[in-house]
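Q: Pasting a structure below so you can have a look.
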Amino acid sequence: MDTPAWTWLRIVLLVPLSGALASCVTRPASSASSSLSPTPTSSTSGGPWNRPTCCDVLASTLGSKVSFPSSNAYNASISSYWSQQESEIAPRCIVSPSSASDVSAALKVLVPRACKFAVRGGGHGAIAGIANIDDGVTIDLGGLSAVTVSSDNKKVKVGGGASWGAVYARLSPLGLAAPGARHATVGVGGSSLGGGFGFFAPKVGFACDNVVQFEVVLANGNIVTASPRTNPNLWRALRGGGNNFGIVTEFTFKTFPLGPMWAGEAYFSASALEAQTQTLYSFTANTNYDLNAGLTVNYAFTPASGPLLTNTYAYAQPVVNPPIFQPFATMAGQLLNNTSVTTLADFSVAQAKESPNGFQEITFATTFENDLGMLRELWAIYTASTNSVANVSGIQWSLSLDPIVPAVVARSDANGGNVLGLRVPAHGLILAVLTATFGSAGDYEIVQAAADKLLADIMEAAKARGVFNPYVDVNHAGKSQDPLASYGLANLAFLKATALHFDPRGVFQTLMPGGFKL
Ligand SMILES: Cc1cc2nc3c(=O)[nH]c(=O)nc-3n(C[C@H](O)[C@H](O)[C@H](O)COP(=O)(O)OP(=O)(O)OC[C@H]3O[C@@H](n4cnc5c(N)ncnc54)[C@H](O)[C@@H]3O)c2cc1C
């Protein structure tokens with residue numbers, strides 16, 4: 001029998017004040033409502049009291065900022081994740097805050113009631129549950145998307161749910177940039193909290209290295225800032241430590257000058273492999289590395305195309321075919337070249353079109369020292385791996401190789417450091433990232449097994465050659481990898497101590513299971 005309305009209202013009002021009533025009873029599926037008004041629950045699973053659900057209390061607190069299944073707001077959020085597996089998760093309700101105060105109010109409802117929740121930034125994490133949660137509450141930060149440039153153009157404040165495209169679109173016309181992801185649709189939130197490796201990492205470091213201040217909502221609902229002067233340990237921990245400390249509602253980045261730039265892609269047949277391998281090696285080992293240059297070499301496979309080489313070039317000046325890229329330009333076997341003088345805003349949009357939403361996605365990341373023998377063996381390992389996925393419908397099996405040159409870490413250190421624990425030898429590192437895209441969840445096990453084997457084979461080869469590097473890029477890590485442990489014991493201990501200080505009950509590890517946890 002439904003609780004009379006007045007009794008229910010009394011419970012709603014009492015629950016926030018009463019520890020005895022502070023537990024979360026999730027809304028039974030049958031009672032999920034598209035109404036934005038709180039409704040009494042018929043669940044009696046919480047004992048003698050018919051307690052309101054977490055979502056009911058949120059709705060009574062935040063009104064129309066809480067949406068329920070079948071509503072337009074709920075569907076728009078759920079359908080806009082990048083990976084299909086994230087879109088298939090159904091939270092009991094979604095909170096869409098428009099301010100840090102809203103985020104604080106949400107946590108003040110969720111945490112005392114032990115309600116499970118997820119936090120979504122740009123929704124570009126691939127792993128199921130990284131930024132969404134079945135039978136819980138998802139806080140979608142998409143409404144926190146303001147991008148505000150300081151009057152002296154030296155800093156930009158960015159909402160915790162903004163996309164890099166919004167940042168670049170605001171900054172490019174001013175001849176400015178902030179160093180973020182290469183695709184416009186990627187969220188500033190997740191990518192920056194995981195480091196954030198982009199075209200201009202050699203020039204300015206990781207995205208996180210350029211955050212001069214975070215606005216953070218802690219587990220107790222307090223809104224704090226983290227900067228070199230205020231809460232400096234939290235500031236440092238957020239430079240790579242992910243979502244383990246709080247919900248970041250605003251990032252303040254340093255900007256850097258960036259006008260028109262040269263960028264684009266060049267595709268080659270596999271016949272260019274040896275030239276490409278030698279060029280990648282020399283490019284990465286170049287002790288006179290041109291800091292304007294950013295490169296991704298990509299091994300791409302579809303059953304129709306077979307293995308191809310698809311490279312992305314970026315140069316932070318409007319110079320066509322700059323000298324550092326000329327060894328690539330002269331390789332035989334080029335099938336396509338769409339490089340041009342463009343802007344970061346336009347180029348990031350073009351890049352994003354190549355990775356649309358709505359597919360099954362599996363990723364991993366691993367790192368090894370730049371080594372000619374390893375690069376040659378890598379191709380053999382990669383092409384062998386394509387046999388395992390060749391019959392998967394719609395498969396795109398892509399292994400990208402990002403040079404990490406010593407200048408990247410020099411920039412990180414100059415900017416106050418981060419917790420990634422990355423040390424780069426003079427000949428550079430190669431960050432290898434798998435992105436496997438396919439259409440059907442029914443093929444998931446096959447593709448995951450192939451990805452696991454490919455990762456194991458690459459790591460084994462790198463170890464056998466003595467060129468393995470432990471760094472795992474959290475932004476592309478696979479679900480069974482442990483990127484935070486890859487930062488090294490001292491950084492891990494620092495992250496744990498900082499989390500304990502700012503979140504003594506471990507809310508961001510227990511109530512918020514999504515993401516890589518300490
Ligand atoms: C097409 C594509 C291109 C990419 N390009 C790059 C690239 O160039 N460089 C790079 O480094 N990475 C890149 N990535 C990886 C990307 O950085 C990660 O997937 C990142 O996690 C995405 O962040 P998001 O906010 O969009 O994702 P979400 O899935 O929303 O969030 C990822 C994680 O971050 C947490 N989180 C997000 N925002 C906040 C916040 N404000 N406060 C607290 N926690 C938060 C979430 O809880 C979740 O655990 C790319 C990914 C894709 C799909």
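In the structure tokens, chains take letters A, B, ... by order of appearance, with residues numbered from 1 within each chain and ligands from 1 in the order shown.
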Report as a VMD selection string which protein, DNA and RNA residues come within 7 Å of ligand 1, using only C-alpha atoms and all ligand atoms.

A: chain A and resid 82 118 to 126 130 to 131 141 160 to 161 180 to 183 186 to 191 193 to 198 242 to 243 246 to 249 352 355 475 to 476 514 to 516

Q: If DSSP is run on the backbone, what residues of range 300-398 of chain A are strand (DSSP E)? A reply as a PyMOL selection string would be ideal.

A: chain A and resi 300-302+306-315+334-337+340-342+360-369+396-398

Q: Taking a cut-off of 7 Å and counting only C-alpha atoms, can you build a table that, for each residue of range 279-368 of chain A near range 422-444 of chain A, reports the nearest atom pair and how far apart they are in Å (one decimal), sorted by chain then residue number, as JSON lines?

A:
{"residue": "A:Thr284", "atom": "CA", "partner": "A:Gly428", "partner_atom": "CA", "distance": 5.7}
{"residue": "A:Ala285", "atom": "CA", "partner": "A:His427", "partner_atom": "CA", "distance": 4.1}
{"residue": "A:Phe359", "atom": "CA", "partner": "A:Gly439", "partner_atom": "CA", "distance": 5.4}
{"residue": "A:Gln360", "atom": "CA", "partner": "A:Phe438", "partner_atom": "CA", "distance": 5.3}
{"residue": "A:Glu361", "atom": "CA", "partner": "A:Thr437", "partner_atom": "CA", "distance": 4.8}
{"residue": "A:Ile362", "atom": "CA", "partner": "A:Ala436", "partner_atom": "CA", "distance": 5.1}
{"residue": "A:Thr363", "atom": "CA", "partner": "A:Thr435", "partner_atom": "CA", "distance": 4.7}
{"residue": "A:Phe364", "atom": "CA", "partner": "A:Leu434", "partner_atom": "CA", "distance": 5.2}
{"residue": "A:Ala365", "atom": "CA", "partner": "A:Val433", "partner_atom": "CA", "distance": 4.4}
{"residue": "A:Thr366", "atom": "CA", "partner": "A:Ala432", "partner_atom": "CA", "distance": 5.3}
{"residue": "A:Thr367", "atom": "CA", "partner": "A:Leu431", "partner_atom": "CA", "distance": 4.6}
{"residue": "A:Phe368", "atom": "CA", "partner": "A:Ile430", "partner_atom": "CA", "distance": 5.5}

Q: For each of A:Ala490, A:Val137, A:Val57, A:Leu110, take the minimum atom-to-atom distance to Arg92 in chain A, counting only C-alpha atoms, then give the residue where this is smallest.

A: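 Result for the nearest residue to Arg92 in chain A: A:Val137.
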
Q: Which of range 336-482 of chain A end up as alpha helix (DSSP H) when DSSP is run on this backbone - answer as a PyMOL selection string?

A: chain A and resi 344-353+372-389+406-414+444-464

Q: Compare A:Glu369, A:Gly241, A:Val211, A:Ile395 by their minimum atom-to-atom distance to Ala493 in chain A, counting only C-alpha atoms, and give me the closest one.

A: A:Gly241

Q: Any idea what the distance is between CA of Ala177 in chain A and CA of Thr287 in chain A?

A: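 Between CA of Ala177 in chain A and CA of Thr287 in chain A the gap is 25.9 Å.
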
Q: One number please: CA of Leu420 in chain A to CA of Asn233 in chain A, in Å, one decimal.

A: 14.4 Å

Q: How many Å lie between CA of Leu336 in chain A and CA of Asp290 in chain A, rounded to one decimal?

A: 24.6 Å

Q: Counting only C-alpha atoms, which residues in range 333-438 of chain A sit no more than 8 Å from range 314-322 of chain A? For each one, give the nearest pair of atoms and the distance in Å, sorted by chain then residue number, as a Markdown table.

A:
| residue | atom | partner | partner_atom | distance |
| --- | --- | --- | --- | --- |
| A:Ser340 | CA | A:Val320 | CA | 7.1 |
| A:Val341 | CA | A:Pro318 | CA | 5.7 |
| A:Thr342 | CA | A:Pro318 | CA | 7.8 |

Q: Generate the output file for the selected residues, C-alpha atoms, as an mmCIF file, in the first residue's frame.

A:
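Output file again_39.cif is given in full below:
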data_model
loop_
_atom_site.group_PDB
_atom_site.id
_atom_site.type_symbol
_atom_site.label_atom_id
_atom_site.label_comp_id
_atom_site.auth_asym_id
_atom_site.auth_seq_id
_atom_site.Cartn_x
_atom_site.Cartn_y
_atom_site.Cartn_z
ATOM 1 C CA SER A 340 46.122 21.853 -44.770
ATOM 2 C CA VAL A 341 46.485 25.077 -42.846
ATOM 3 C CA THR A 342 43.577 25.109 -40.432
#

Q: So which residues touch Ala178 in chain A within 7 Å, counting only C-alpha atoms, skipping near sequence neighbours fewer than 3 positions away, as a ChimeraX atom specification?

A: /A:253-256

Q: Given the choices A:Ser348, A:Asn370, A:Ser96, A:Asn75, which gets closest to Ser172 in chain A if the distance is worked out from only C-alpha atoms?

A: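 Closest to Ser172 in chain A, using only C-alpha atoms: A:Ser348.
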